[in-house]
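Note: the block below is work.cif and it holds mmCIF, C-alpha atoms.
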```cif
data_protein
loop_
_atom_site.label_atom_id
_atom_site.label_comp_id
_atom_site.auth_asym_id
_atom_site.auth_seq_id
_atom_site.Cartn_x
_atom_site.Cartn_y
_atom_site.Cartn_z
CA MET A 1 84.18 30.59 125.83
CA ASN A 2 81.95 29.69 122.93
CA GLU A 3 84.19 29.48 119.83
CA LYS A 4 81.41 31.09 117.80
CA TYR A 5 82.13 34.41 119.44
CA THR A 6 85.34 35.32 117.71
CA PHE A 7 87.09 38.69 117.68
CA GLU A 8 85.43 39.42 114.33
CA PHE A 9 82.00 38.46 115.67
CA ILE A 10 82.40 40.82 118.62
CA GLU A 11 83.43 43.52 116.16
CA GLU A 12 80.22 43.02 114.23
CA TYR A 13 78.28 43.27 117.50
CA LEU A 14 80.06 46.49 118.51
CA ALA A 15 79.46 47.94 115.04
CA GLY A 16 75.73 47.18 115.37
CA ASN A 17 75.77 44.90 112.36
CA LEU A 18 74.10 41.89 114.05
CA SER A 19 70.42 41.16 113.85
CA THR A 20 68.36 41.74 116.99
CA GLU A 21 68.21 38.02 117.67
CA GLU A 22 71.96 37.55 117.20
CA ALA A 23 72.67 40.52 119.45
CA GLN A 24 70.34 39.29 122.21
CA GLU A 25 71.86 35.82 122.03
CA PHE A 26 75.35 37.29 122.31
CA GLU A 27 74.37 39.50 125.28
CA SER A 28 72.94 36.48 127.08
CA ALA A 29 76.17 34.59 126.49
CA VAL A 30 78.18 37.53 127.87
CA GLU A 31 76.11 37.48 131.06
CA SER A 32 76.84 33.84 131.66
CA ASP A 33 80.43 33.71 130.37
CA GLU A 34 82.98 35.67 132.35
CA SER A 35 85.70 35.02 129.82
CA LEU A 36 83.50 36.31 126.99
CA ALA A 37 82.56 39.37 129.06
CA LYS A 38 86.26 40.05 129.56
CA SER A 39 86.90 39.73 125.82
CA LEU A 40 84.08 42.16 125.12
CA ASP A 41 85.47 44.65 127.67
CA SER A 42 89.00 44.48 126.29
CA GLN A 43 87.70 44.96 122.75
CA LYS A 44 85.66 47.98 123.87
CA ALA A 45 88.77 49.36 125.55
CA ALA A 46 90.71 48.92 122.30
CA HIS A 47 87.96 50.88 120.52
CA GLN A 48 88.24 53.62 123.11
CA ALA A 49 92.02 53.70 122.66
CA VAL A 50 91.53 54.10 118.92
CA ASN A 51 89.11 56.96 119.60
CA LEU A 52 91.66 58.67 121.82
CA TYR A 53 94.41 58.12 119.25
CA THR A 54 92.16 59.51 116.49
CA GLN A 55 91.41 62.52 118.65
CA ILE A 56 95.11 63.15 119.31
CA LYS A 57 96.05 62.79 115.63
CA THR A 58 93.13 64.99 114.54
CA HIS A 59 94.19 67.61 117.05
CA GLU A 60 97.77 67.39 115.76
CA ASN A 61 96.47 67.86 112.23
CA VAL A 62 94.39 70.87 113.28
CA SER A 63 97.36 72.35 115.15
CA GLU A 64 99.60 71.89 112.14
CA ILE A 65 97.12 73.65 109.84
CA TYR A 66 96.54 76.32 112.48
CA SER A 67 100.28 76.99 112.72
CA LYS A 68 100.51 77.26 108.94
CA VAL A 69 97.59 79.69 108.77
CA LYS A 70 99.09 81.74 111.60
CA GLY A 71 102.49 81.53 109.92
CA GLN A 72 101.01 82.88 106.72
CA GLY A 73 99.42 85.68 108.70
CA GLN A 74 102.70 86.44 110.38
CA ALA A 75 104.52 86.21 107.08
CA LYS A 76 101.97 88.65 105.70
CA VAL A 77 102.63 90.94 108.64
CA ARG A 78 106.35 90.47 108.10
CA ARG A 79 105.89 91.25 104.40
CA LEU A 80 103.89 94.35 105.29
CA GLY A 81 106.54 95.18 107.89
CA SER A 82 109.27 94.79 105.26
CA MET A 83 107.30 96.95 102.88
CA ALA A 84 106.79 99.54 105.61
CA LEU A 85 110.50 99.38 106.40
CA ALA A 86 111.35 99.74 102.71
CA ALA A 87 108.93 102.66 102.43
CA THR A 88 110.50 104.23 105.52
CA VAL A 89 113.98 103.78 104.07
CA VAL A 90 112.86 105.31 100.77
CA PHE A 91 111.21 108.15 102.67
CA LEU A 92 114.31 108.74 104.80
CA VAL A 93 116.57 108.62 101.73
CA PHE A 94 114.22 111.07 100.00
CA MET A 95 114.22 113.30 103.06
CA GLY A 96 117.99 113.00 103.27
CA ILE A 97 118.37 114.06 99.65
CA ALA A 98 115.86 116.86 100.16
CA TYR A 99 117.67 117.92 103.32
CA PHE A 100 121.02 117.76 101.53
CA MET A 101 119.63 119.85 98.69
CA LEU A 102 118.10 122.34 101.11
CA SER A 103 121.27 122.62 103.12
CA SER A 104 123.17 123.03 99.84
CA GLN A 105 120.86 125.81 98.84
CA TYR A 106 120.47 127.63 102.12
CA SER A 107 123.64 127.25 104.16
CA GLY A 108 125.74 130.39 104.41
CA ALA A 109 128.76 128.76 102.77
CA ASN A 110 126.71 127.45 99.89
CA LEU A 111 124.85 130.70 99.43
CA VAL A 112 128.24 132.35 99.01
CA ALA A 113 129.50 129.64 96.66
CA ASN A 114 126.37 129.90 94.53
CA ASN A 115 126.68 133.66 94.25
CA LEU A 116 130.40 134.08 94.03
CA GLU A 117 131.72 134.86 90.59
CA ALA A 118 135.19 136.19 90.10
CA TYR A 119 135.23 139.84 89.16
CA PRO A 120 136.12 140.11 85.45
CA ASP A 121 139.65 140.93 84.40
CA ARG A 122 139.73 144.66 83.82
CA ILE A 123 143.48 144.87 83.51
CA THR A 124 145.08 142.46 81.04
CA SER A 125 141.98 141.94 78.98
CA MET A 126 141.90 145.61 78.05
CA SER A 127 143.77 146.26 74.87
CA ASP A 128 145.54 149.31 76.15
CA ALA A 129 146.47 147.76 79.46
CA PRO A 130 150.15 147.97 80.16
CA ILE A 131 152.18 144.87 80.70
CA SER A 132 153.23 145.09 84.31
CA ALA A 133 153.86 143.07 87.45
CA LEU A 134 150.16 142.45 87.53
CA SER A 135 150.40 140.17 84.52
CA ASN A 136 151.37 137.06 86.48
CA ALA A 137 148.84 137.81 89.21
CA MET A 138 146.03 138.21 86.72
CA LYS A 139 147.15 135.12 84.85
CA ALA A 140 146.85 133.04 88.03
CA TYR A 141 143.56 134.77 88.90
CA ASN A 142 142.09 134.02 85.48
CA GLN A 143 143.16 130.41 85.87
CA ASN A 144 141.39 130.29 89.28
CA ASP A 145 144.77 129.67 90.87
CA PHE A 146 143.96 132.02 93.72
CA THR A 147 146.62 130.70 96.10
CA THR A 148 149.28 131.69 93.60
CA ALA A 149 147.53 134.97 92.83
CA ILE A 150 147.28 136.23 96.43
CA PRO A 151 151.01 136.94 97.12
CA LEU A 152 151.36 138.42 93.66
CA PHE A 153 148.48 140.85 94.28
CA GLU A 154 149.88 141.64 97.73
CA GLY A 155 153.11 142.69 95.99
CA ILE A 156 151.45 145.42 93.98
CA GLY A 157 152.52 148.79 95.30
CA THR A 158 150.24 151.70 96.09
CA ASP A 159 151.86 153.61 93.28
CA ASP A 160 150.62 151.17 90.68
CA GLN A 161 147.83 152.63 88.61
CA TYR A 162 145.87 149.44 89.11
CA PHE A 163 146.43 149.32 92.86
CA THR A 164 142.74 149.65 93.81
CA LEU A 165 141.76 147.06 91.21
CA SER A 166 144.48 144.75 92.48
CA ARG A 167 143.06 145.11 96.02
CA LEU A 168 139.68 144.04 94.74
CA TYR A 169 141.22 141.01 93.02
CA LEU A 170 143.21 140.26 96.15
CA GLY A 171 140.07 140.30 98.30
CA ILE A 172 138.23 138.08 95.85
CA SER A 173 141.21 135.69 95.66
CA GLN A 174 141.29 135.51 99.44
CA LEU A 175 137.56 134.79 99.51
CA GLU A 176 137.85 132.21 96.75
CA SER A 177 140.71 130.47 98.49
CA GLY A 178 138.66 130.18 101.68
CA ASN A 179 140.29 132.91 103.70
CA ALA A 180 137.16 134.94 104.43
CA SER A 181 138.67 136.80 107.34
CA ASP A 182 141.52 138.25 105.25
CA ALA A 183 139.06 138.94 102.46
CA ILE A 184 136.91 141.01 104.83
CA ASN A 185 139.88 143.14 105.84
CA THR A 186 141.02 143.71 102.26
CA LEU A 187 137.56 144.42 100.88
CA ASN A 188 136.50 146.55 103.84
CA ASP A 189 139.57 148.76 103.34
CA LEU A 190 138.71 149.08 99.67
CA PHE A 191 135.06 149.82 100.45
CA GLN A 192 136.07 152.60 102.90
CA MET A 193 138.27 154.22 100.29
CA GLU A 194 136.93 156.76 97.84
CA ASN A 195 137.11 154.91 94.52
CA ASP A 196 134.95 153.66 91.71
CA LEU A 197 135.13 150.08 92.96
CA LYS A 198 133.03 150.66 96.10
CA GLU A 199 130.02 148.79 94.70
CA PRO A 200 131.80 145.55 93.72
CA ALA A 201 133.87 145.84 96.91
CA GLN A 202 130.67 145.99 98.97
CA TRP A 203 129.19 142.96 97.17
CA TYR A 204 132.26 140.80 97.70
CA LEU A 205 132.56 142.13 101.24
CA ALA A 206 128.99 140.98 101.96
CA LEU A 207 129.81 137.55 100.56
CA ALA A 208 133.00 137.40 102.63
CA GLN A 209 131.05 138.34 105.76
CA LEU A 210 128.47 135.67 104.98
CA ALA A 211 131.20 133.11 104.41
CA ASN A 212 132.75 134.13 107.70
CA GLY A 213 129.44 133.55 109.53
CA ASP A 214 128.72 137.24 110.10
CA GLU A 215 125.23 137.18 108.67
CA THR A 216 124.08 140.36 110.45
CA THR A 217 126.72 142.59 108.85
CA ALA A 218 126.37 140.78 105.55
CA ARG A 219 122.61 141.57 105.60
CA ILE A 220 123.28 145.30 106.13
CA ASN A 221 125.54 145.36 103.08
CA LEU A 222 123.19 143.24 100.98
CA GLU A 223 120.18 145.42 101.86
CA ASP A 224 122.21 148.48 100.98
CA ILE A 225 123.17 146.99 97.60
CA SER A 226 119.60 145.83 96.98
CA GLU A 227 118.06 149.22 97.86
CA ASN A 228 120.55 151.29 95.92
CA GLY A 229 120.35 149.16 92.80
CA GLY A 230 124.12 149.01 92.47
CA TYR A 231 126.45 146.23 91.34
CA GLN A 232 124.78 142.78 91.66
CA SER A 233 121.68 144.35 93.26
CA SER A 234 119.32 141.68 91.90
CA LYS A 235 121.59 138.95 93.22
CA ALA A 236 121.70 140.72 96.56
CA THR A 237 117.87 140.78 96.64
CA GLY A 238 117.70 137.08 95.82
CA LEU A 239 120.30 136.30 98.44
CA LEU A 240 118.33 138.22 101.08
CA LYS A 241 115.21 136.21 100.22
CA LYS A 242 117.10 132.97 100.69
CA LEU A 243 118.53 134.24 103.98
CA ASP A 244 114.96 134.94 105.15
CA SER A 245 113.66 131.53 104.02
CA GLY A 246 112.06 129.28 106.67
CA TRP A 247 114.20 126.38 105.47
CA ARG A 248 117.18 128.07 107.11
CA ASN A 249 115.53 127.43 110.49
CA LEU A 250 116.04 123.69 110.03
CA PRO A 251 118.76 122.38 112.32
CA GLY A 252 122.17 122.27 110.72
CA VAL A 253 121.23 124.25 107.61
CA ARG A 254 122.93 127.52 108.60
CA MET B 1 89.81 82.94 88.35
CA PHE B 2 91.70 82.57 91.62
CA GLY B 3 88.99 83.99 93.86
CA ILE B 4 88.47 82.76 97.41
CA ARG B 5 85.98 79.93 97.50
CA LYS B 6 82.72 80.66 99.29
CA TYR B 7 81.93 77.69 101.50
CA THR B 8 78.49 76.77 102.75
CA THR B 9 78.08 74.70 105.89
CA SER B 10 77.27 71.62 103.82
CA ASP B 11 80.38 72.20 101.65
CA LEU B 12 82.51 72.27 104.78
CA VAL B 13 80.88 69.15 106.20
CA GLU B 14 81.38 67.27 102.93
CA ASP B 15 84.99 68.37 102.55
CA ILE B 16 85.85 67.40 106.11
CA LYS B 17 84.28 64.00 105.56
CA ARG B 18 86.28 63.53 102.36
CA GLY B 19 89.54 64.07 104.25
CA GLY B 20 92.88 64.87 102.65
CA ILE B 21 93.43 68.19 100.92
CA ASN B 22 89.71 69.02 100.90
CA GLU B 23 89.62 68.66 104.66
CA GLN B 24 92.73 70.81 105.06
CA LYS B 25 91.19 73.59 102.98
CA ALA B 26 87.95 73.41 104.94
CA ILE B 27 89.85 73.59 108.25
CA THR B 28 91.86 76.55 106.97
CA HIS B 29 88.61 78.28 106.05
CA LEU B 30 87.11 77.56 109.48
CA ILE B 31 90.24 78.93 111.19
CA ARG B 32 90.12 82.16 109.21
CA GLU B 33 86.40 82.60 109.74
CA ASN B 34 86.20 81.83 113.44
CA GLU B 35 89.51 82.37 115.18
CA GLY B 36 88.96 86.04 115.99
CA LYS B 37 85.55 85.43 117.51
CA ILE B 38 86.80 82.64 119.78
CA LEU B 39 89.91 84.56 120.87
CA SER B 40 87.72 87.57 121.71
CA PHE B 41 85.37 85.37 123.72
CA VAL B 42 88.23 83.88 125.75
CA SER B 43 89.94 87.25 126.11
CA SER B 44 86.72 88.85 127.38
CA ARG B 45 86.73 86.23 130.16
CA ASN B 46 90.26 87.04 131.20
CA GLY B 47 91.78 84.18 129.25
CA SER B 48 95.12 84.68 127.54
CA THR B 49 95.71 84.49 123.78
CA ALA B 50 97.39 81.12 124.35
CA ASP B 51 94.27 79.91 126.22
CA GLY B 52 92.12 81.13 123.33
CA GLU B 53 94.28 79.36 120.76
CA ASP B 54 94.15 76.12 122.76
CA ILE B 55 90.39 76.30 123.13
CA PHE B 56 89.94 77.09 119.47
CA GLN B 57 92.08 74.17 118.31
CA GLU B 58 90.34 71.78 120.69
CA GLY B 59 86.96 73.09 119.53
CA LEU B 60 87.93 72.56 115.89
CA THR B 61 89.11 69.05 116.70
CA ALA B 62 85.82 68.27 118.43
CA LEU B 63 83.88 69.72 115.50
CA ILE B 64 85.78 67.57 112.99
CA LEU B 65 85.28 64.44 115.09
CA ASN B 66 81.55 65.20 115.38
CA ILE B 67 81.25 65.74 111.64
CA ARG B 68 83.05 62.48 110.84
CA ASP B 69 80.93 60.71 113.41
CA GLY B 70 77.75 62.08 111.86
CA LYS B 71 76.80 64.03 114.98
CA PHE B 72 76.85 67.28 113.07
CA LYS B 73 75.19 67.01 109.68
CA GLY B 74 75.11 70.67 108.72
CA ASP B 75 71.52 71.37 109.70
CA SER B 76 72.57 74.56 111.46
CA SER B 77 75.40 77.05 110.94
CA ILE B 78 78.78 75.42 111.37
CA ASN B 79 80.23 78.65 112.78
CA THR B 80 77.56 78.84 115.49
CA TYR B 81 78.10 75.17 116.27
CA LEU B 82 81.86 75.63 116.53
CA PHE B 83 81.41 78.65 118.77
CA ALA B 84 79.10 76.67 121.05
CA ILE B 85 81.62 73.83 121.24
CA CYS B 86 84.45 76.23 122.07
CA LYS B 87 82.34 77.89 124.76
CA GLY B 88 81.57 74.48 126.22
CA ILE B 89 85.24 73.51 126.22
CA TRP B 90 86.19 76.83 127.79
CA TYR B 91 83.73 76.42 130.64
CA LYS B 92 84.61 72.76 131.06
CA LYS B 93 88.31 73.51 131.15
CA PHE B 94 88.05 76.48 133.44
CA ARG B 95 85.05 75.49 135.49
CA LYS B 96 87.18 75.49 138.62
CA VAL B 97 88.07 79.13 138.23
CA VAL B 98 85.04 80.50 136.43
CA ARG B 99 82.35 81.31 138.87
CA ASP B 100 80.30 83.91 137.06
CA ARG B 101 76.64 83.46 136.24
CA GLU B 102 77.31 83.24 132.54
CA TYR B 103 79.02 79.95 133.17
CA GLN B 104 75.81 78.16 134.03
CA SER B 105 73.68 79.87 131.43
CA SER B 106 76.16 79.39 128.59
CA LEU B 107 76.68 75.76 129.46
CA THR B 108 72.94 75.24 129.41
CA VAL B 109 72.70 76.81 125.95
CA VAL B 110 75.35 74.43 124.65
CA GLU B 111 73.57 71.43 126.08
CA GLU B 112 70.15 72.51 124.87
CA ASP B 113 71.10 73.50 121.37
CA TYR B 114 73.69 70.92 120.49
CA GLU B 115 74.71 67.44 121.29
CA THR B 116 77.60 67.70 123.71
CA PRO B 117 80.72 66.69 121.83
CA GLU B 118 82.29 63.47 122.94
CA TYR B 119 85.61 65.10 123.32
CA ASN B 120 88.13 63.96 125.88
CA MET B 121 90.47 66.64 127.06
CA MET B 122 93.72 64.85 127.72
CA ASP B 123 96.80 66.26 129.34
CA THR B 124 100.22 65.80 127.78
CA GLU B 125 101.03 62.79 129.93
CA GLN B 126 97.84 61.01 128.87
CA LYS B 127 98.46 61.81 125.22
CA ASP B 128 102.02 60.50 125.48
CA LEU B 129 100.71 57.27 126.97
CA ILE B 130 98.37 56.69 124.04
CA LEU B 131 100.99 57.67 121.47
CA GLU B 132 103.49 55.33 123.09
CA LEU B 133 100.98 52.49 122.91
CA PHE B 134 100.33 53.10 119.21
CA GLY B 135 104.06 53.46 118.68
CA HIS B 136 104.29 49.68 118.97
CA LEU B 137 102.12 49.28 115.87
CA LYS B 138 103.37 49.47 112.31
CA THR B 139 102.61 52.62 110.30
CA LYS B 140 100.03 50.91 108.11
CA CYS B 141 98.22 49.69 111.22
CA LYS B 142 98.20 53.16 112.76
CA GLU B 143 96.88 54.66 109.52
CA THR B 144 94.20 52.03 109.20
CA LEU B 145 93.02 52.43 112.78
CA TYR B 146 93.14 56.24 112.49
CA MET B 147 90.95 56.19 109.38
CA TRP B 148 88.62 53.65 110.92
CA GLY B 149 88.45 55.76 114.11
CA SER B 150 87.68 58.76 111.88
CA SER B 151 84.60 56.92 110.55
CA PHE B 152 85.90 56.39 107.03
CA SER B 153 84.23 53.46 105.29
CA MET B 154 86.23 50.37 104.48
CA THR B 155 86.03 51.28 100.79
CA GLU B 156 87.54 54.70 101.52
CA ILE B 157 90.24 53.15 103.69
CA ALA B 158 91.04 50.66 100.93
CA ASP B 159 91.22 53.47 98.34
CA GLN B 160 93.38 55.77 100.41
CA LEU B 161 95.73 53.19 101.88
CA GLY B 162 96.02 51.05 98.78
CA PHE B 163 94.28 47.87 99.90
CA SER B 164 92.92 45.72 97.09
CA SER B 165 89.37 45.65 98.47
CA SER B 166 87.20 46.78 101.34
CA GLN B 167 87.35 43.23 102.72
CA VAL B 168 91.15 43.37 102.80
CA ALA B 169 90.86 46.70 104.60
CA MET B 170 88.43 45.17 107.08
CA ASN B 171 90.78 42.24 107.72
CA LYS B 172 93.66 44.63 108.25
CA LYS B 173 91.63 46.70 110.68
CA ASN B 174 90.68 43.62 112.70
CA LYS B 175 94.24 42.35 112.73
CA CYS B 176 95.58 45.70 113.93
CA LEU B 177 92.84 46.14 116.50
CA LYS B 178 93.56 42.65 117.84
CA GLU B 179 97.23 43.54 118.13
CA LEU B 180 96.31 46.74 119.94
CA ARG B 181 94.04 44.84 122.33
CA ASN B 182 96.87 42.43 123.12
CA LEU B 183 99.25 45.31 123.77
CA MET B 184 96.72 46.89 126.12
CA GLU B 185 96.24 43.71 128.10
CA SER B 186 99.81 44.00 129.35
CA ASN B 187 99.61 47.76 129.94
CA THR B 188 97.72 48.60 133.12
CA GLN B 189 98.42 52.34 132.81
CA VAL B 190 96.63 52.48 129.48
CA GLN B 191 93.80 50.32 130.77
CA GLN B 192 93.35 52.72 133.67
CA LEU B 193 93.45 55.77 131.40
CA VAL B 194 90.91 54.33 128.97
CA THR B 195 88.60 53.47 131.88
CA GLU B 196 88.96 57.01 133.27
CA LEU B 197 88.15 58.64 129.95
CA SER B 198 85.30 56.33 129.01
#
```

Is it possible to give me this structure as structure tokens?
Amino acid sequence: MNEKYTFEFIEEYLAGNLSTEEAQEFESAVESDESLAKSLDSQKAAHQAVNLYTQIKTHENVSEIYSKVKGQGQAKVRRLGSMALAATVVFLVFMGIAYFMLSSQYSGANLVANNLEAYPDRITSMSDAPISALSNAMKAYNQNDFTTAIPLFEGIGTDDQYFTLSRLYLGISQLESGNASDAINTLNDLFQMENDLKEPAQWYLALAQLANGDETTARINLEDISENGGYQSSKATGLLKKLDSGWRNLPGVR
Amino acid sequence: MFGIRKYTTSDLVEDIKRGGINEQKAITHLIRENEGKILSFVSSRNGSTADGEDIFQEGLTALILNIRDGKFKGDSSINTYLFAICKGIWYKKFRKVVRDREYQSSLTVVEEDYETPEYNMMDTEQKDLILELFGHLKTKCKETLYMWGSSFSMTEIADQLGFSSSQVAMNKKNKCLKELRNLMESNTQVQQLVTELS
């Protein structure tokens, strides 16, 4: 092989940097020199290998950038997903609070609790009231110690001048202490009796019935109070409105 | 102040030729601009999303190689060119299964409108063979040959790889290419592959 045709010379030929004469001379030499032709072929093959390597590395570069772009897109989606999740959580918490507030406002038990006020002390608070066995009962009642008050009121005899009042306080104490069933019996008896405590007895009876889950009977009493304009009639009207509210149709509110 | 840059075709061509971070940004822009269109095209021909992603990445690779090689100068829309390349790759890759009329007509459009990209679709085994061959070279050699294969000038190669002059870069390229040629002479598998793909 002609020593003139070095690796570098062949590179210049392949790059098209030779003059036309130089190129033609080289091509003639290749035709007559098998060894030179082989060198040219192997150098062309090396070029082709570099092209393939460049293609692979370029593709790897593209794939890497593509994955990053897709990753950013997915991260964006994930961010949006997280935001949506956060919004959903906030919404659910809001709905939970709203539901809790609604159920607080509209459940039978809470309607009773919101409307139940102990009947005022008409015995010991009156200046001319006699000191009697009622004193301890009323003391417990005024201190909201209804569990203590109940047996004391139950001990008041029918001959006591404050018997009917004590029955009212007993019924209220029973209702306040969570014994709605007993309260209904006590207050219903009082309501059936001819006395001047029928109106408050009916009000607390309605509340006791509501607390006991007997909404139908409670409604009859409340409507009666509301129509007749008696004791706590405005509260009875308000309570009826809440009982008729659509919110009470939500599951679990009643 | 931090608005999204509006690229023209010539901006993209220039940035891809410059390489580095400019090229990465240009590729990112091309991905965002064209991915949906290519995936829809492949999907409308019963290709999967994975097929579409493969075609798109191969099309982008071919586009970049054509830009570096000066085969695409930015005389027409780069997006249209990329789409035509991807269509060509799709039909080439799936020519055995695609038998609809659009195959012939679309392929003709690609060939008439654009120079067919010199893009060799290699399978994993073929790629591994080439990567294994280059694995015998030192990192600097691989970088030099990669840049040279990407049509960077010797001055650019010298600048980017830290050679003292373009002549030093040229000498390095020749030395590495010679080493590669010697490695290939004892590797018949690679010789066969290169012949097949030539």

Dump as a tab-separated table the rows for residues of chain B within 6 Å of chain A: closest atom pair and distance in Å with one decimal, only C-alpha atoms counted, ordered by chain and rising residue number.
```
residue	atom	partner	partner_atom	distance
B:Thr61	CA	A:His59	CA	5.3
B:Tyr146	CA	A:Thr54	CA	5.3
B:Gly149	CA	A:Asn51	CA	5.7
B:Arg181	CA	A:Ala46	CA	5.3
```

Selection near region 218-224 of chain A, 12 Å with all atoms listed in the file, sequence-local residues under 6 positions removed, as a PyMOL selection string: chain A and resi 108+111-112+184+188+191+198-212+230-244

What do you get, as a PDB file with C-alpha atoms, keeping the file's coordinate frame, if you spell out every residue that the PyMOL selection byres ((chain B and resi 24-28) around 12) selects here?
```pdb
ATOM      1  CA  THR A  58      93.130  64.990 114.540  1.00  0.00           C
ATOM      2  CA  HIS A  59      94.190  67.610 117.050  1.00  0.00           C
ATOM      3  CA  ASN A  61      96.470  67.860 112.230  1.00  0.00           C
ATOM      4  CA  VAL A  62      94.390  70.870 113.280  1.00  0.00           C
ATOM      5  CA  SER A  63      97.360  72.350 115.150  1.00  0.00           C
ATOM      6  CA  GLU A  64      99.600  71.890 112.140  1.00  0.00           C
ATOM      7  CA  ILE A  65      97.120  73.650 109.840  1.00  0.00           C
ATOM      8  CA  TYR A  66      96.540  76.320 112.480  1.00  0.00           C
ATOM      9  CA  SER A  67     100.280  76.990 112.720  1.00  0.00           C
ATOM     10  CA  LYS A  68     100.510  77.260 108.940  1.00  0.00           C
ATOM     11  CA  VAL A  69      97.590  79.690 108.770  1.00  0.00           C
ATOM     12  CA  LYS A  70      99.090  81.740 111.600  1.00  0.00           C
ATOM     13  CA  GLN A  72     101.010  82.880 106.720  1.00  0.00           C
ATOM     14  CA  GLY A  73      99.420  85.680 108.700  1.00  0.00           C
TER      15      GLY A  73
ATOM     16  CA  ILE B   4      88.470  82.760  97.410  1.00  0.00           C
ATOM     17  CA  ARG B   5      85.980  79.930  97.500  1.00  0.00           C
ATOM     18  CA  LYS B   6      82.720  80.660  99.290  1.00  0.00           C
ATOM     19  CA  TYR B   7      81.930  77.690 101.500  1.00  0.00           C
ATOM     20  CA  THR B   8      78.490  76.770 102.750  1.00  0.00           C
ATOM     21  CA  THR B   9      78.080  74.700 105.890  1.00  0.00           C
ATOM     22  CA  SER B  10      77.270  71.620 103.820  1.00  0.00           C
ATOM     23  CA  ASP B  11      80.380  72.200 101.650  1.00  0.00           C
ATOM     24  CA  LEU B  12      82.510  72.270 104.780  1.00  0.00           C
ATOM     25  CA  VAL B  13      80.880  69.150 106.200  1.00  0.00           C
ATOM     26  CA  GLU B  14      81.380  67.270 102.930  1.00  0.00           C
ATOM     27  CA  ASP B  15      84.990  68.370 102.550  1.00  0.00           C
ATOM     28  CA  ILE B  16      85.850  67.400 106.110  1.00  0.00           C
ATOM     29  CA  LYS B  17      84.280  64.000 105.560  1.00  0.00           C
ATOM     30  CA  ARG B  18      86.280  63.530 102.360  1.00  0.00           C
ATOM     31  CA  GLY B  19      89.540  64.070 104.250  1.00  0.00           C
ATOM     32  CA  GLY B  20      92.880  64.870 102.650  1.00  0.00           C
ATOM     33  CA  ILE B  21      93.430  68.190 100.920  1.00  0.00           C
ATOM     34  CA  ASN B  22      89.710  69.020 100.900  1.00  0.00           C
ATOM     35  CA  GLU B  23      89.620  68.660 104.660  1.00  0.00           C
ATOM     36  CA  HIS B  29      88.610  78.280 106.050  1.00  0.00           C
ATOM     37  CA  LEU B  30      87.110  77.560 109.480  1.00  0.00           C
ATOM     38  CA  ILE B  31      90.240  78.930 111.190  1.00  0.00           C
ATOM     39  CA  ARG B  32      90.120  82.160 109.210  1.00  0.00           C
ATOM     40  CA  GLU B  33      86.400  82.600 109.740  1.00  0.00           C
ATOM     41  CA  ASN B  34      86.200  81.830 113.440  1.00  0.00           C
ATOM     42  CA  GLU B  35      89.510  82.370 115.180  1.00  0.00           C
ATOM     43  CA  PHE B  56      89.940  77.090 119.470  1.00  0.00           C
ATOM     44  CA  GLN B  57      92.080  74.170 118.310  1.00  0.00           C
ATOM     45  CA  GLY B  59      86.960  73.090 119.530  1.00  0.00           C
ATOM     46  CA  LEU B  60      87.930  72.560 115.890  1.00  0.00           C
ATOM     47  CA  THR B  61      89.110  69.050 116.700  1.00  0.00           C
ATOM     48  CA  LEU B  63      83.880  69.720 115.500  1.00  0.00           C
ATOM     49  CA  ILE B  64      85.780  67.570 112.990  1.00  0.00           C
ATOM     50  CA  ILE B  78      78.780  75.420 111.370  1.00  0.00           C
ATOM     51  CA  ASN B  79      80.230  78.650 112.780  1.00  0.00           C
ATOM     52  CA  LEU B  82      81.860  75.630 116.530  1.00  0.00           C
TER      53      LEU B  82
END
```

Long-range neighbours of Gly52 (chain B) as a ChimeraX atom specification, 9 Å cut-off, all atoms listed in the file, 6 positions minimum in chain: /B:35,38-43,90

Residues selected by the PyMOL selection byres ((chain B and resi 128-133) around 9), written as a VMD selection string: (chain A and resid 49 to 50 52 to 53 56) or (chain B and resid 123 to 127 134 to 137 180 183 to 184 187 189 to 190 193)

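Remark: for Trp148 (chain B), the closest of the candidate residues A:Asn2, A:Ala15, A:Arg167, A:Lys38 is A:Ala15 (distances computed over all atoms listed in the file).
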
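Using all atoms listed in the file, the shortest contact distance between Val194 (chain B) and any of B:Asn120, B:Ser48, B:Ser77, B:Gln167 is found at B:Asn120.
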
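Picture a line from CA of Thr195 (chain B) to CA of Ser35 (chain A); it runs 18.8 Å.
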
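In this structure, CA of Asp196 (chain A) sits 9.5 Å away from CA of Leu165 (chain A).
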
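CA of Phe146 (chain A) is found 13.6 Å from CA of Asp121 (chain A).
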
With 6 Å added on each side, what axis-aligned box encloses every listed atom of region 125-131 of chain B? Give the centre and edge lengths in Å to one decimal, as AutoDock Vina command-line options.
```
--center_x 99.9 --center_y 59.7 --center_z 125.7 --size_x 16.2 --size_y 18.1 --size_z 20.5
```

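Distances from A:Ile225, A:Ala98, A:Met193, A:Ile10 to Ala23 (chain A) were compared using all atoms listed in the file, and the smallest one belongs to A:Ile10.
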
Picked residues, the PyMOL selection byres ((chain B and resi 160) around 12), as a PyMOL selection string: chain B and resi 18-20+140+143-144+147-148+152-159+161-166+169
